[in-house]
$ cat coords.txt   # compact mmCIF, C-alpha atoms
# COMPACT_ATOMS: atom_id res chain seq x y z
CA MET A 7 72.26 118.16 71.68
CA VAL A 8 73.93 115.81 74.08
CA ASN A 9 76.38 117.91 76.05
CA SER A 10 79.57 116.91 77.80
CA VAL A 11 83.31 117.59 77.27
CA ALA A 12 83.88 113.94 77.66
CA ALA A 13 81.05 113.22 75.27
CA MET A 14 83.00 115.13 72.70
CA THR A 15 85.87 112.71 73.03
CA THR A 16 83.97 109.53 72.48
CA GLY A 17 83.71 109.39 68.71
CA SER A 18 81.64 106.31 67.96
CA THR A 19 82.67 104.49 71.14
CA PRO A 20 79.67 103.19 73.12
CA ARG A 21 79.28 105.01 76.42
CA GLU A 22 78.94 103.35 79.78
CA GLY A 23 76.15 104.83 81.89
CA TRP A 24 78.32 105.14 84.99
CA VAL A 25 80.51 107.75 83.30
CA ASP A 26 77.53 110.04 82.82
CA VAL A 27 76.32 109.32 86.35
CA ALA A 28 79.75 110.35 87.66
CA LYS A 29 79.68 113.53 85.60
CA GLY A 30 76.14 114.23 86.72
CA GLY A 31 77.15 113.91 90.35
CA ALA A 32 80.21 116.09 89.80
CA ILE A 33 78.23 118.88 88.13
CA VAL A 34 75.69 118.87 90.98
CA LEU A 35 78.55 119.32 93.45
CA VAL A 36 80.02 122.12 91.32
CA VAL A 37 76.70 123.99 91.26
CA LEU A 38 76.23 123.44 95.01
CA TYR A 39 79.71 124.79 95.66
CA HIS A 40 79.02 127.96 93.67
CA ALA A 41 75.61 128.41 95.28
CA ALA A 42 77.24 128.29 98.71
CA PHE A 43 80.11 130.51 97.51
CA PHE A 44 77.86 133.38 96.43
CA LEU A 45 75.37 132.96 99.27
CA ASP A 46 78.29 133.17 101.68
CA ASP A 47 78.82 136.75 100.51
CA VAL A 48 75.46 137.65 102.04
CA GLY A 49 75.77 135.39 105.08
CA LEU A 50 73.32 132.73 103.95
CA ALA A 51 75.56 129.77 103.18
CA TRP A 52 75.33 128.16 106.65
CA SER A 53 77.89 125.30 106.78
CA TRP A 54 77.64 124.52 103.07
CA SER A 55 80.60 126.75 102.30
CA GLU A 56 82.88 124.72 104.58
CA ALA A 57 81.50 121.48 103.15
CA GLY A 58 82.22 122.71 99.64
CA GLY A 59 85.78 123.50 100.59
CA ALA A 60 86.20 120.04 102.09
CA LEU A 61 85.07 118.47 98.81
CA THR A 62 87.71 120.26 96.75
CA THR A 63 89.59 116.98 96.49
CA PHE A 64 86.47 115.30 95.08
CA ARG A 65 84.74 117.55 92.54
CA MET A 66 87.36 118.52 90.02
CA PRO A 67 89.55 115.38 90.11
CA LEU A 68 86.45 113.31 89.32
CA PHE A 69 85.29 115.78 86.67
CA PHE A 70 88.64 115.78 84.86
CA PHE A 71 88.92 112.01 85.17
CA THR A 72 85.56 111.50 83.49
CA ALA A 73 86.47 114.05 80.81
CA GLY A 74 89.52 111.98 79.89
CA ILE A 75 88.01 108.50 80.05
CA PHE A 76 87.18 108.42 76.32
CA ALA A 77 89.94 110.75 75.08
CA ALA A 78 92.28 108.07 73.69
CA LYS A 79 90.78 108.12 70.19
CA ALA A 80 91.18 111.88 69.88
CA LEU A 81 94.79 111.68 71.07
CA SER A 82 95.56 109.09 68.38
CA LEU A 83 94.81 111.64 65.62
CA ASP A 84 97.49 113.75 63.99
CA LEU A 85 97.85 117.25 65.43
CA ARG A 86 95.91 119.05 62.70
CA ARG A 87 92.90 116.79 62.96
CA MET A 88 92.94 116.74 66.76
CA VAL A 89 93.04 120.54 66.90
CA SER A 90 90.30 120.79 64.28
CA ARG A 91 88.02 118.24 65.91
CA ARG A 92 88.68 118.88 69.59
CA VAL A 93 90.79 121.88 70.59
CA LEU A 94 89.13 124.52 68.40
CA LEU A 95 85.73 123.71 69.84
CA LEU A 96 87.04 124.00 73.39
CA LEU A 97 88.82 127.28 72.69
CA TRP A 98 85.77 128.73 70.95
CA LEU A 99 83.48 127.82 73.82
CA TYR A 100 85.97 129.16 76.34
CA VAL A 101 86.31 132.55 74.64
CA LEU A 102 82.59 132.87 73.86
CA TRP A 103 81.37 132.06 77.34
CA SER A 104 84.13 134.12 78.96
CA PHE A 105 82.77 137.06 76.96
CA VAL A 106 79.21 136.27 78.09
CA TRP A 107 80.44 136.02 81.70
CA THR A 108 82.22 139.38 81.52
CA LEU A 109 79.29 141.10 79.79
CA ALA A 110 76.78 139.68 82.25
CA PHE A 111 78.66 141.06 85.24
CA GLN A 112 78.51 144.54 83.76
CA ILE A 113 74.70 144.28 83.77
CA LEU A 114 73.64 141.90 86.52
CA PRO A 115 73.73 142.84 90.19
CA ASN A 116 77.05 141.62 91.51
CA LEU A 117 78.61 140.93 94.85
CA ASN A 118 82.38 140.77 95.28
CA HIS A 119 83.47 139.08 92.06
CA VAL A 120 83.54 141.38 89.04
CA PRO A 121 85.53 140.33 85.93
CA THR A 122 86.94 143.14 83.81
CA TRP A 123 87.31 143.67 80.06
CA ARG A 124 91.08 143.72 80.51
CA GLU A 125 90.91 140.22 81.95
CA LEU A 126 88.84 139.11 78.97
CA ALA A 127 91.45 140.50 76.55
CA LEU A 128 94.07 138.28 78.23
CA VAL A 129 91.80 135.26 78.63
CA LEU A 130 93.91 132.95 76.43
CA VAL A 131 97.26 133.84 77.98
CA TRP A 132 96.41 134.70 81.58
CA PRO A 133 93.00 133.35 82.62
CA HIS A 134 91.63 135.07 85.69
CA ALA A 135 90.38 133.10 88.67
CA SER A 136 87.01 134.84 88.45
CA THR A 137 86.41 133.43 84.96
CA SER A 138 83.80 130.69 85.22
CA THR A 139 85.01 128.83 82.14
CA TRP A 140 88.50 127.79 83.21
CA PHE A 141 87.54 124.10 83.10
CA ILE A 142 86.92 124.29 79.34
CA TYR A 143 90.26 126.01 78.75
CA SER A 144 91.96 123.37 80.86
CA LEU A 145 90.67 120.62 78.58
CA ALA A 146 91.98 122.38 75.48
CA LEU A 147 95.45 122.60 77.03
CA TYR A 148 95.22 119.04 78.34
CA PHE A 149 94.57 117.67 74.86
CA LEU A 150 97.58 119.55 73.52
CA ALA A 151 99.84 118.50 76.40
CA ALA A 152 98.75 114.85 76.25
CA TRP A 153 99.26 114.79 72.48
CA ALA A 154 102.74 116.33 72.83
CA ILE A 155 103.98 113.58 75.18
CA ARG A 156 102.00 110.71 73.65
CA ARG A 157 105.08 108.90 72.29
CA LEU A 158 106.67 108.57 75.72
CA PRO A 159 106.11 105.32 77.63
CA VAL A 160 102.79 105.37 79.49
CA TRP A 161 104.37 105.24 82.93
CA THR A 162 106.79 108.01 82.00
CA GLN A 163 103.86 110.21 81.05
CA LEU A 164 102.05 109.42 84.28
CA THR A 165 105.18 109.99 86.35
CA LEU A 166 105.73 113.41 84.79
CA ALA A 167 102.09 114.40 85.34
CA THR A 168 102.23 113.13 88.93
CA LEU A 169 105.37 115.13 89.70
CA VAL A 170 103.77 118.26 88.29
CA SER A 171 100.63 117.65 90.35
CA LEU A 172 102.69 117.09 93.49
CA ALA A 173 104.66 120.28 92.95
CA PHE A 174 101.68 122.55 92.36
CA GLY A 175 99.17 120.77 94.59
CA ALA A 176 101.38 121.20 97.64
CA GLY A 177 102.28 124.78 96.77
CA GLY A 178 105.94 124.00 96.10
CA LEU A 179 105.63 125.66 92.71
CA ASP A 180 103.42 128.61 91.87
CA THR A 181 102.72 130.14 88.46
CA GLY A 182 101.32 133.27 90.07
CA ASN A 183 97.97 132.40 88.51
CA MET A 184 95.46 130.36 90.51
CA THR A 185 93.84 128.98 87.37
CA PHE A 186 97.12 127.71 85.93
CA ASN A 187 97.99 126.22 89.30
CA LYS A 188 94.74 124.25 89.30
CA MET A 189 95.28 123.17 85.70
CA THR A 190 98.69 121.71 86.47
CA GLU A 191 97.42 120.01 89.60
CA TYR A 192 94.52 118.21 87.87
CA PHE A 193 96.18 117.22 84.58
CA VAL A 194 97.23 113.86 86.01
CA PHE A 195 93.59 112.78 86.39
CA PHE A 196 92.72 113.57 82.79
CA LEU A 197 95.89 111.89 81.53
CA ALA A 198 95.46 108.75 83.64
CA ALA A 199 91.91 108.34 82.35
CA ALA A 200 92.99 108.92 78.75
CA LEU A 201 95.86 106.44 78.93
CA LEU A 202 94.21 103.76 81.04
CA GLY A 203 90.56 104.37 80.23
CA ARG A 204 89.93 100.91 78.79
CA ARG A 205 91.37 99.23 81.89
CA PHE A 206 89.36 101.44 84.22
CA ARG A 207 86.19 100.64 82.29
CA GLN A 208 86.92 96.92 82.48
CA VAL A 209 87.42 97.15 86.23
CA ALA A 210 84.19 99.13 86.54
CA THR A 211 82.20 96.17 85.24
CA ARG A 212 83.22 94.22 88.35
CA VAL A 213 82.34 96.92 90.88
CA ARG A 214 79.69 96.06 93.47
CA PRO A 215 77.91 98.30 96.01
CA ARG A 216 80.16 97.05 98.81
CA HIS A 217 83.15 98.50 96.98
CA ALA A 218 81.52 101.93 97.05
CA VAL A 219 80.87 101.58 100.79
CA VAL A 220 84.51 100.69 101.45
CA ALA A 221 85.72 103.54 99.21
CA ALA A 222 83.45 106.01 101.01
CA ALA A 223 84.69 104.88 104.41
CA CYS A 224 88.32 105.21 103.32
CA TYR A 225 87.83 108.63 101.74
CA LEU A 226 85.92 110.05 104.70
CA ALA A 227 88.34 108.61 107.26
CA VAL A 228 91.43 109.85 105.44
CA SER A 229 89.88 113.27 104.75
CA ALA A 230 88.95 113.65 108.42
CA ALA A 231 92.43 112.63 109.55
CA VAL A 232 94.12 115.00 107.10
CA SER A 233 91.86 117.86 108.19
CA ALA A 234 92.45 117.16 111.89
CA ALA A 235 96.21 117.01 111.42
CA ASP A 236 96.18 119.99 109.02
CA VAL A 237 98.60 118.26 106.64
CA MET A 238 96.92 118.87 103.27
CA TRP A 239 99.91 121.04 102.36
CA VAL A 240 102.34 118.10 102.70
CA PRO A 241 103.48 116.93 99.23
CA GLY A 242 101.49 113.91 98.12
CA VAL A 243 98.67 114.23 100.64
CA ARG A 244 96.27 116.21 98.45
CA LEU A 245 97.00 113.98 95.47
CA GLY A 246 96.47 110.85 97.53
CA VAL A 247 93.16 112.07 98.93
CA SER A 248 92.05 113.10 95.44
CA CYS A 249 92.87 109.63 94.10
CA LEU A 250 90.70 108.12 96.85
CA ALA A 251 87.97 110.55 95.83
CA VAL A 252 88.11 109.38 92.22
CA VAL A 253 87.88 105.75 93.35
CA LEU A 254 84.86 106.68 95.47
CA GLY A 255 83.29 108.65 92.63
CA VAL A 256 83.71 105.82 90.13
CA THR A 257 82.53 103.01 92.41
CA LEU A 258 79.56 105.05 93.60
CA ALA A 259 78.66 106.01 90.02
CA VAL A 260 78.81 102.39 88.89
CA ALA A 261 76.54 101.32 91.76
CA LEU A 262 74.06 104.14 91.16
CA SER A 263 74.00 103.60 87.39
CA ARG A 264 72.35 100.23 88.02
CA ARG A 265 69.40 101.85 89.78
CA ARG A 266 66.58 103.22 87.65
CA SER A 267 65.86 105.86 90.29
CA MET A 268 69.26 107.44 89.54
CA ARG A 269 68.69 107.93 85.82
CA TRP A 270 68.33 111.66 86.46
CA LEU A 271 72.04 111.81 87.32
CA GLU A 272 72.88 110.12 84.04
CA PHE A 273 70.66 112.67 82.28
CA LEU A 274 72.51 115.56 83.93
CA GLY A 275 75.81 113.95 82.99
CA THR A 276 74.95 114.24 79.30
CA ARG A 277 74.21 117.96 79.68
CA THR A 278 77.07 119.24 81.76
CA LEU A 279 78.12 121.96 79.32
CA PRO A 280 74.93 124.06 79.47
CA ILE A 281 74.69 123.52 83.22
CA TYR A 282 78.33 124.51 83.66
CA VAL A 283 78.18 127.72 81.61
CA LEU A 284 74.69 128.87 82.64
CA HIS A 285 74.21 128.01 86.30
CA PHE A 286 76.11 131.00 87.67
CA TYR A 287 73.60 133.59 86.52
CA PRO A 288 70.52 132.64 88.57
CA ILE A 289 72.82 132.08 91.54
CA VAL A 290 74.36 135.54 91.24
CA VAL A 291 71.02 137.28 90.70
CA LEU A 292 69.23 135.56 93.59
CA SER A 293 72.17 136.07 95.96
CA ALA A 294 72.16 139.79 95.17
CA LEU A 295 68.38 140.03 95.61
CA LEU A 296 68.60 138.30 98.99
CA GLU A 297 71.30 140.61 100.32
CA PRO A 298 68.96 143.37 101.59
CA VAL A 299 66.85 140.88 103.57
CA ALA A 300 69.61 138.43 104.51
CA ALA A 301 69.50 139.38 108.19
CA ARG A 302 65.92 138.13 108.39
CA LEU A 303 66.56 134.87 106.52
CA GLY A 304 69.08 133.20 108.78
CA TRP A 305 66.56 130.48 109.59
CA ALA A 306 66.49 129.46 105.91
CA ALA A 307 70.27 129.36 105.42
CA PRO A 308 70.58 125.55 105.89
CA VAL A 309 68.31 124.87 102.91
CA LEU A 310 69.04 127.83 100.64
CA PRO A 311 72.19 126.43 98.93
CA PRO A 312 70.55 123.09 97.99
CA VAL A 313 67.36 124.83 96.85
CA LEU A 314 69.34 127.32 94.79
CA THR A 315 71.34 124.44 93.33
CA VAL A 316 68.20 122.72 92.09
CA GLY A 317 66.84 125.99 90.74
CA ALA A 318 70.06 126.85 88.92
CA ILE A 319 70.23 123.43 87.28
CA LEU A 320 66.61 123.62 86.14
CA PHE A 321 67.19 127.15 84.85
CA SER A 322 70.24 126.00 82.88
CA LEU A 323 68.39 123.07 81.34
CA GLY A 324 65.48 125.32 80.41
CA VAL A 325 67.68 127.93 78.76
CA HIS A 326 69.56 125.21 76.91
CA ARG A 327 66.33 123.72 75.64
CA VAL A 328 65.34 127.08 74.15
CA THR A 329 68.78 128.02 72.78
CA ARG A 330 70.34 124.71 71.78
CA GLN A 331 69.68 125.30 68.07
CA VAL A 332 71.46 128.68 68.06
CA PRO A 333 74.54 128.22 65.83
CA GLY A 334 77.84 128.57 67.63
CA LEU A 335 76.41 128.80 71.13
CA TYR A 336 77.34 125.27 72.19
CA THR A 337 79.19 124.15 69.04
CA LEU A 338 81.71 125.62 66.63
CA PRO A 339 80.22 128.14 64.22
CA SER A 340 79.59 126.61 60.81
CA VAL A 341 82.49 127.16 58.43
CA ARG A 342 82.30 126.14 54.78
CA GLY A 343 84.48 123.12 54.14
CA ARG A 344 85.17 122.35 57.79
CA ARG A 345 84.72 118.71 58.74
CA PRO A 346 82.49 117.94 61.74
CA ALA A 347 84.23 117.53 65.08
CA VAL A 348 83.03 113.97 65.45
CA ASP A 349 82.40 111.84 62.40
CA GLY A 350 78.70 111.93 61.65
CA GLN A 351 77.88 113.69 64.91
CA GLN A 352 77.73 117.21 66.24
CA PRO A 353 80.46 118.01 68.75
CA ALA A 354 79.36 118.00 72.32
CA LEU A 355 81.00 119.07 75.48
CA SER A 356 80.86 117.86 79.00
CA PRO A 357 83.45 118.84 81.37
CA ALA A 358 83.14 117.58 83.89
CA PRO A 359 84.76 122.71 87.26
$ encode --input "coords.txt" --output "structure tokens"
Amino acid sequence: MVNSVAAMTTGSTPREGWVDVAKGGAIVLVVLYHAAFFLDDVGLAWSWSEAGGALTTFRMPLFFFTAGIFAAKALSLDLRRMVSRRVLLLLWLYVLWSFVWTLAFQILPNLNHVPTWRELALVLVWPHASTSTWFIYSLALYFLAAWAIRRLPVWTQLTLATLVSLAFGAGGLDTGNMTFNKMTEYFVFFLAAALLGRRFRQVATRVRPRHAVVAAACYLAVSAAVSAADVMWVPGVRLGVSCLAVVLGVTLAVALSRRRSMRWLEFLGTRTLPIYVLHFYPIVVLSALLEPVAARLGWAAPVLPPVLTVGAILFSLGVHRVTRQVPGLYTLPSVRGRRPAVDGQQPALSPAP
């Protein structure tokens, strides 16, 4: 099964390779971030933890942008069909894998991040920050929100989403729930891609490697300046840096998609769902196993997060290969009389953290 939340939104639309390359790059960064996050609990993250924090403006904006790039067709459906073909799948996967996440942490060795059954009971109304599946829930809500405002002028929709992102991204507004705060901050990237996806894809055909170099220089320079001045909290700064990150991600993905040696990123981009929902478990287990000997492994800290990232991705792909035919594990359970989520195809899911 091809697997990507954005893949689910494509219908019969031909896919451009750069979109999957972008998603592949984003999922690698997500796994690397979590590897560093858990290894940091045992003092073996080296500087990867700080690097992961610095890339906050890159990972999720790019992931949500790529998830929305083919969403226009789904948003053109009536509400019943859109919910049936898109939202139900996302909600099912969110609840199922939140249950798996909670159950696993009752069994696996854990560090400092233990979800509770009470949190699982409230997962649809008050998602907890420790839940690994918040990205999937975000997409379900994004589809509903984008559908609800679809009749407004395009620039009105984008203005509203931008204002919401500015308010929550700068901390001016706070829901009291970190997950909801992140959802509101990143909605603008999904919506912009959904509304202007065709234009973005047309522009992508004209991208050359030099554009990626310029975008990288701009993103790195601005990020360094913002960090030095400590002004990320200023309204508009985080959003502006994130927009630069999306430009960098897209231009770099387009350039890499033209190189045969980068086909592995495109491959990962079509399998982001299993990587996203499965990669935590080998990371958590290995981090816990390393804790007793962490004091003697300081010399290996610089390479442990990347090595664990590769291992977690390979583990996820292996488990998916064995379990992909299990009904309801990556798709909606079969229900008599229910139409398929995508005409003539099985639904697939690719975030995009």
$ closest_residue --input "coords.txt" --among "A:Ala154, A:Val232, A:Ala259, A:Leu245" --to "A:Val219" --atoms "only C-alpha atoms"
A:Ala259
$ closest_residue --input "coords.txt" --among "A:Lys79, A:Leu128, A:His40, A:Arg302" --to "A:Ile289" --atoms "all atoms listed in the file"
A:His40
$ atom_distance --input "coords.txt" --atom1 "atom CA of A:Pro67" --atom2 "atom CA of A:Val93"
20.6 Å
$ closest_residue --input "coords.txt" --among "A:Leu147, A:Ala227, A:Ala73, A:Thr122" --to "A:Leu94" --atoms "all atoms listed in the file"
A:Leu147
$ residues_around --input "coords.txt" --residues "A:Leu109" --least-positions-apart "4" --cutoff "10 Å" --atoms "all atoms listed in the file" --output "PyMOL selection string"
chain A and resi 103-105+113-114+121-123+126
$ residues_near_point --input "coords.txt" --point "(90.0, 106.8, 102.4)" --cutoff "10 Å" --atoms "only C-alpha atoms" --output "list in words"
Val220, Ala221, Ala222, Ala223, Cys224, Tyr225, Leu226, Ala227, Val228, Ser229, Ala230, Ala231, Gly246, Val247, Ser248, Cys249, Leu250, Ala251, Val253 and Leu254 of chain A
$ closest_residue --input "coords.txt" --among "A:Arg330, A:Tyr282, A:Leu50, A:Arg205" --to "A:Trp140" --atoms "all atoms listed in the file"
A:Tyr282
$ closest_residue --input "coords.txt" --among "A:Ala51, A:Thr190, A:Ala146, A:Ser263" --to "A:Trp98" --atoms "all atoms listed in the file"
A:Ala146
$ closest_residue --input "coords.txt" --among "A:Tyr100, A:Thr329, A:Val48, A:Gly23" --to "A:Val299" --atoms "all atoms listed in the file"
A:Val48
$ atom_distance --input "coords.txt" --atom1 "atom CA of A:Ala210" --atom2 "atom CA of A:Val252"
12.4 Å
$ axis_aligned_box --input "coords.txt" --around "stretch 45-56 of chain A" --padding-each-side "3 Å" --output "JSON"
{"center_x": 78.1, "center_y": 131.1, "center_z": 103.0, "size_x": 15.6, "size_y": 19.1, "size_z": 13.5}
$ atom_distance --input "coords.txt" --atom1 "atom CA of A:Gly31" --atom2 "atom CA of A:Leu258"
9.7 Å
$ residues_around --input "coords.txt" --residues "A:Gly255" --least-positions-apart "6" --cutoff "8 Å" --atoms "all atoms listed in the file" --output "list in words"
Ala28, Phe64 and Leu68 of chain A
